[in-house]
Amino acid sequence: MRPTRMAKTVMISPSTLRNYEAKGLIPPAERSANGYRMYTDLHAAYLECIQAMAPSFGMAVTTEVLHDLRHDKPYDALWTVRKMEVALYEEKVKLEQIVEDIRQLTNENNSPSTMQRFAIHEVSEMTKIPKSTIRYWEQAGYVKADRDPENRYRYYSRAHLVKIRLIHVLQNSVYSEDTVKIKQSFAATEDTDLQGIMNLTEHIRSYLEECIQTQMCGISSLWKLIQLLKTPN
């Protein structure tokens with residue numbers, strides 16, 4: 001196929017097609033007798049793989065995987081994908097623990113433990129999240145620390161902690177309209193509103209379930225490409 005037809009077939013622009021080729025994501029185009037670029041079914045398989053993987057794994061990982069294939073390293077590509085699958089599962093496990101902690105906090109109601117206050121360095125140590133990241137989330141409006149009336153130092157409640165941990169579940173997510181909407185929901189939910197924070201967990205659960213489906217689609221397309229590359233010319 002000529003570039004314009006190939007681009008139209010996979011619903012991308014000719015400039016995107018040229019960009020993928022320039023970055024080594026697809027094999028170099030063959031050339032016709034008069035010097036025009038010509039693309040084959042193999043190029044189409046690469047392009048379909050990019051389109052299937054990018055939404056769930058992001059372009060950085062997709063680029064790494066396709067570079068591995070271009071250098072005849074299919075197992076490196078598969079291990080990279082498996083690492084991302086494991087990371088998604090770990091986020092799901094974190095989410096389930098946060099849900100349990102919210103329930104426990106709700107049941108404790110106004111017990112002394114719920115009134116505990118923590119400095120930002122304590123929150124960072126407990127959550128393993130850098131202080132700079134917590135401050136950035138505050139600037140973005142996702143969480144708002146209380147302030148000591150005398151020294152204006154930040155301090156956080158246990159409700160703050162679960163919200164901060166919940167935001168962290170999305171830390172490595174692929175940018176999308178869904179993640180933008182969820183983060184906007186964080187900003188709209190009061191830090192002490194445990195029911196509101198619990199509702200956020202359901203949105204994130206739905207998002208993670210969608211992620212695992214799109215990952216499976218991407219992996220299926222990758223596997224088809226790997227099998228095609230094994231086929232003798």
# chains A, B, ... in the order shown; residues from 1 in each chain; ligands from 1

call {"tool": "select_by_dssp", "arguments": {"residues": "chain A", "states": "alpha helix (DSSP H)", "output": "PyMOL selection string"}}
result
chain A and resi 3-9+14-22+41-70+74-108+120-127+131-140+158-169+177-188+194-230

call {"tool": "closest_atom_pairs", "arguments": {"of": "segment 72-182 of chain A", "to": "segment 35-55 of chain A", "cutoff": "10 Å", "atoms": "only C-alpha atoms", "output": "CSV"}}
result
residue,atom,partner,partner_atom,distance
A:Val81,CA,A:Met53,CA,9.7
A:Val174,CA,A:Pro55,CA,7.2
A:Tyr175,CA,A:Pro55,CA,8.6
A:Ser176,CA,A:Pro55,CA,8.1

call {"tool": "write_last_selection", "arguments": {"atoms": "all heavy atoms", "output": "compact mmCIF listing (two decimals), in the first residue's frame"}}
result
# COMPACT_ATOMS: atom_id res chain seq x y z
N VAL A 81 5.85 -6.42 29.12
CA VAL A 81 4.39 -6.41 29.23
C VAL A 81 3.94 -7.07 30.53
O VAL A 81 3.04 -6.59 31.22
CB VAL A 81 3.75 -7.09 28.01
CG1 VAL A 81 2.29 -7.36 28.24
CG2 VAL A 81 3.93 -6.22 26.77
N VAL A 174 -1.94 5.49 32.68
CA VAL A 174 -1.78 6.14 31.38
C VAL A 174 -2.75 7.32 31.31
O VAL A 174 -3.92 7.20 31.67
CB VAL A 174 -2.06 5.14 30.24
CG1 VAL A 174 -1.99 5.83 28.88
CG2 VAL A 174 -1.07 3.98 30.30
N TYR A 175 -2.26 8.45 30.87
CA TYR A 175 -3.09 9.64 30.77
C TYR A 175 -4.28 9.38 29.84
O TYR A 175 -4.12 8.84 28.74
CB TYR A 175 -2.27 10.82 30.23
CG TYR A 175 -3.08 12.09 30.03
CD1 TYR A 175 -3.29 12.95 31.09
CD2 TYR A 175 -3.64 12.39 28.79
CE1 TYR A 175 -4.05 14.12 30.92
CE2 TYR A 175 -4.39 13.54 28.61
CZ TYR A 175 -4.58 14.40 29.68
OH TYR A 175 -5.33 15.54 29.50
N SER A 176 -5.47 9.73 30.30
CA SER A 176 -6.67 9.55 29.49
C SER A 176 -7.76 10.46 30.04
O SER A 176 -7.62 11.06 31.11
CB SER A 176 -7.15 8.09 29.54
OG SER A 176 -7.60 7.76 30.84

call {"tool": "closest_atom_pairs", "arguments": {"of": "segment 35-129 of chain A", "to": "segment 191-207 of chain A", "cutoff": "9 Å", "atoms": "only C-alpha atoms", "output": "tab-separated table"}}
result
residue	atom	partner	partner_atom	distance
A:Lys92	CA	A:Arg205	CA	7.5
A:Leu95	CA	A:Thr201	CA	7.1
A:Glu96	CA	A:Thr201	CA	8.7
A:Ile98	CA	A:Thr201	CA	8.2
A:Val99	CA	A:Met198	CA	6.9
A:Ile102	CA	A:Leu194	CA	6.8
A:Arg103	CA	A:Met198	CA	8.5
A:Leu105	CA	A:Leu194	CA	8.3
A:Thr106	CA	A:Leu194	CA	7.0

call {"tool": "write_last_selection", "arguments": {"atoms": "N, CA, C and O atoms", "output": "mmCIF file, in the first residue's frame"}}
result
data_model
loop_
_atom_site.group_PDB
_atom_site.id
_atom_site.type_symbol
_atom_site.label_atom_id
_atom_site.label_comp_id
_atom_site.auth_asym_id
_atom_site.auth_seq_id
_atom_site.Cartn_x
_atom_site.Cartn_y
_atom_site.Cartn_z
ATOM 1 N N LYS A 92 -4.464 -2.840 42.171
ATOM 2 C CA LYS A 92 -5.760 -3.392 42.592
ATOM 3 C C LYS A 92 -5.696 -3.848 44.051
ATOM 4 O O LYS A 92 -6.627 -3.616 44.828
ATOM 5 N N LEU A 95 -5.795 -0.878 46.287
ATOM 6 C CA LEU A 95 -7.153 -0.331 46.346
ATOM 7 C C LEU A 95 -8.003 -1.102 47.345
ATOM 8 O O LEU A 95 -8.738 -0.501 48.142
ATOM 9 N N GLU A 96 -7.922 -2.423 47.323
ATOM 10 C CA GLU A 96 -8.721 -3.235 48.237
ATOM 11 C C GLU A 96 -8.342 -2.954 49.693
ATOM 12 O O GLU A 96 -9.213 -2.911 50.567
ATOM 13 N N ILE A 98 -7.149 -0.107 50.841
ATOM 14 C CA ILE A 98 -7.660 1.218 51.154
ATOM 15 C C ILE A 98 -9.151 1.149 51.480
ATOM 16 O O ILE A 98 -9.631 1.804 52.412
ATOM 17 N N VAL A 99 -9.900 0.353 50.727
ATOM 18 C CA VAL A 99 -11.339 0.186 50.991
ATOM 19 C C VAL A 99 -11.559 -0.333 52.406
ATOM 20 O O VAL A 99 -12.411 0.172 53.148
ATOM 21 N N ILE A 102 -10.861 2.434 54.932
ATOM 22 C CA ILE A 102 -11.949 3.419 54.996
ATOM 23 C C ILE A 102 -13.092 2.872 55.844
ATOM 24 O O ILE A 102 -13.673 3.585 56.669
ATOM 25 N N ARG A 103 -13.432 1.596 55.655
ATOM 26 C CA ARG A 103 -14.497 0.980 56.450
ATOM 27 C C ARG A 103 -14.147 0.987 57.936
ATOM 28 O O ARG A 103 -14.996 1.295 58.786
ATOM 29 N N LEU A 105 -12.091 3.036 59.454
ATOM 30 C CA LEU A 105 -12.104 4.419 59.919
ATOM 31 C C LEU A 105 -13.540 4.907 60.140
ATOM 32 O O LEU A 105 -13.828 5.611 61.107
ATOM 33 N N THR A 106 -14.430 4.492 59.265
ATOM 34 C CA THR A 106 -15.835 4.866 59.395
ATOM 35 C C THR A 106 -16.452 4.258 60.653
ATOM 36 O O THR A 106 -17.200 4.915 61.385
#

call {"tool": "atom_distance", "arguments": {"atom1": "atom CA of Asp148 of chain A", "atom2": "atom CA of Lys131 of chain A"}}
result
17.7 Å

call {"tool": "select_by_dssp", "arguments": {"residues": "segment 81-197 of chain A", "states": "strand (DSSP E or B)", "output": "VMD selection string"}}
result
chain A and resid 118 146 to 147 154 to 156

call {"tool": "write_last_selection", "arguments": {"atoms": "N, CA, C and O atoms", "output": "CSV table (one decimal), in the first residue's frame"}}
result
chain,number,residue,atom,x,y,z
A,118,PHE,N,-0.9,14.2,61.7
A,118,PHE,CA,0.5,13.8,61.3
A,118,PHE,C,1.1,14.9,60.5
A,118,PHE,O,0.4,15.6,59.7
A,146,ASP,N,-4.7,20.4,56.5
A,146,ASP,CA,-5.1,21.4,57.6
A,146,ASP,C,-3.8,22.2,58.0
A,146,ASP,O,-2.7,21.7,57.7
A,147,ARG,N,-4.0,23.3,58.6
A,147,ARG,CA,-2.9,24.1,59.0
A,147,ARG,C,-2.9,24.4,60.5
A,147,ARG,O,-4.0,24.7,61.0
A,154,ARG,N,1.7,22.3,57.9
A,154,ARG,CA,0.7,21.3,57.4
A,154,ARG,C,0.5,20.2,58.4
A,154,ARG,O,1.5,19.7,59.0
A,155,TYR,N,-0.7,19.7,58.6
A,155,TYR,CA,-0.9,18.4,59.3
A,155,TYR,C,-2.1,17.7,58.7
A,155,TYR,O,-3.0,18.3,58.1
A,156,TYR,N,-2.1,16.4,58.8
A,156,TYR,CA,-3.0,15.5,58.1
A,156,TYR,C,-3.7,14.6,59.1
A,156,TYR,O,-3.1,14.1,60.0

call {"tool": "decode", "arguments": {"residues": "segment 2-72 of chain A", "atoms": "C-alpha atoms", "output": "mmCIF file, in the first residue's frame"}}
result
data_model
loop_
_atom_site.group_PDB
_atom_site.id
_atom_site.type_symbol
_atom_site.label_atom_id
_atom_site.label_comp_id
_atom_site.auth_asym_id
_atom_site.auth_seq_id
_atom_site.Cartn_x
_atom_site.Cartn_y
_atom_site.Cartn_z
ATOM 1 C CA ARG A 2 1.042 3.600 -0.552
ATOM 2 C CA PRO A 3 1.403 5.742 2.627
ATOM 3 C CA THR A 4 -1.936 7.531 2.301
ATOM 4 C CA ARG A 5 -3.880 4.301 1.875
ATOM 5 C CA MET A 6 -2.074 2.569 4.755
ATOM 6 C CA ALA A 7 -2.691 5.538 7.039
ATOM 7 C CA LYS A 8 -6.360 5.562 6.107
ATOM 8 C CA THR A 9 -6.646 1.798 6.652
ATOM 9 C CA VAL A 10 -5.468 2.027 10.272
ATOM 10 C CA MET A 11 -7.084 5.449 10.819
ATOM 11 C CA ILE A 12 -3.969 7.526 11.479
ATOM 12 C CA SER A 13 -2.500 10.480 9.643
ATOM 13 C CA PRO A 14 0.293 10.038 7.064
ATOM 14 C CA SER A 15 2.523 12.198 9.280
ATOM 15 C CA THR A 16 1.959 9.833 12.225
ATOM 16 C CA LEU A 17 2.856 6.921 9.951
ATOM 17 C CA ARG A 18 6.099 8.624 8.945
ATOM 18 C CA ASN A 19 6.815 9.454 12.584
ATOM 19 C CA TYR A 20 6.412 5.815 13.640
ATOM 20 C CA GLU A 21 8.808 4.753 10.892
ATOM 21 C CA ALA A 22 11.340 7.452 11.796
ATOM 22 C CA LYS A 23 11.287 6.345 15.450
ATOM 23 C CA GLY A 24 11.772 2.685 14.541
ATOM 24 C CA LEU A 25 8.381 1.500 15.770
ATOM 25 C CA ILE A 26 7.678 -0.149 12.414
ATOM 26 C CA PRO A 27 10.069 -1.592 9.817
ATOM 27 C CA PRO A 28 11.323 0.752 7.085
ATOM 28 C CA ALA A 29 8.925 0.937 4.169
ATOM 29 C CA GLU A 30 9.764 -0.953 1.043
ATOM 30 C CA ARG A 31 10.350 1.102 -2.091
ATOM 31 C CA SER A 32 8.660 0.740 -5.457
ATOM 32 C CA ALA A 33 10.581 0.936 -8.723
ATOM 33 C CA ASN A 34 9.891 4.669 -8.909
ATOM 34 C CA GLY A 35 10.988 5.238 -5.288
ATOM 35 C CA TYR A 36 7.593 5.517 -3.575
ATOM 36 C CA ARG A 37 7.169 4.077 -0.082
ATOM 37 C CA MET A 38 5.159 0.870 -0.045
ATOM 38 C CA TYR A 39 3.715 -0.766 3.071
ATOM 39 C CA THR A 40 2.823 -4.417 3.579
ATOM 40 C CA ASP A 41 0.607 -6.559 5.805
ATOM 41 C CA LEU A 42 3.514 -6.732 8.256
ATOM 42 C CA HIS A 43 3.467 -2.950 8.606
ATOM 43 C CA ALA A 44 -0.296 -3.118 9.164
ATOM 44 C CA ALA A 45 0.243 -5.662 11.968
ATOM 45 C CA TYR A 46 2.790 -3.383 13.643
ATOM 46 C CA LEU A 47 0.431 -0.420 13.390
ATOM 47 C CA GLU A 48 -2.501 -2.398 14.772
ATOM 48 C CA CYS A 49 -0.294 -3.498 17.670
ATOM 49 C CA ILE A 50 0.606 0.130 18.441
ATOM 50 C CA GLN A 51 -3.055 1.128 18.432
ATOM 51 C CA ALA A 52 -4.024 -1.787 20.680
ATOM 52 C CA MET A 53 -1.193 -1.347 23.191
ATOM 53 C CA ALA A 54 -0.884 2.427 23.529
ATOM 54 C CA PRO A 55 -4.200 3.034 25.395
ATOM 55 C CA SER A 56 -3.386 0.518 28.125
ATOM 56 C CA PHE A 57 0.418 0.554 28.299
ATOM 57 C CA GLY A 58 1.241 4.073 27.111
ATOM 58 C CA MET A 59 3.493 5.069 24.240
ATOM 59 C CA ALA A 60 6.730 4.771 26.226
ATOM 60 C CA VAL A 61 6.160 1.078 27.013
ATOM 61 C CA THR A 62 4.692 0.420 23.550
ATOM 62 C CA THR A 63 7.795 1.943 21.963
ATOM 63 C CA GLU A 64 10.082 -0.173 24.150
ATOM 64 C CA VAL A 65 8.163 -3.339 23.263
ATOM 65 C CA LEU A 66 8.210 -2.679 19.524
ATOM 66 C CA HIS A 67 11.895 -1.793 19.578
ATOM 67 C CA ASP A 68 12.512 -5.161 21.235
ATOM 68 C CA LEU A 69 10.608 -6.882 18.425
ATOM 69 C CA ARG A 70 12.499 -4.920 15.792
ATOM 70 C CA HIS A 71 15.739 -6.180 17.379
ATOM 71 C CA ASP A 72 14.462 -9.766 17.448
#
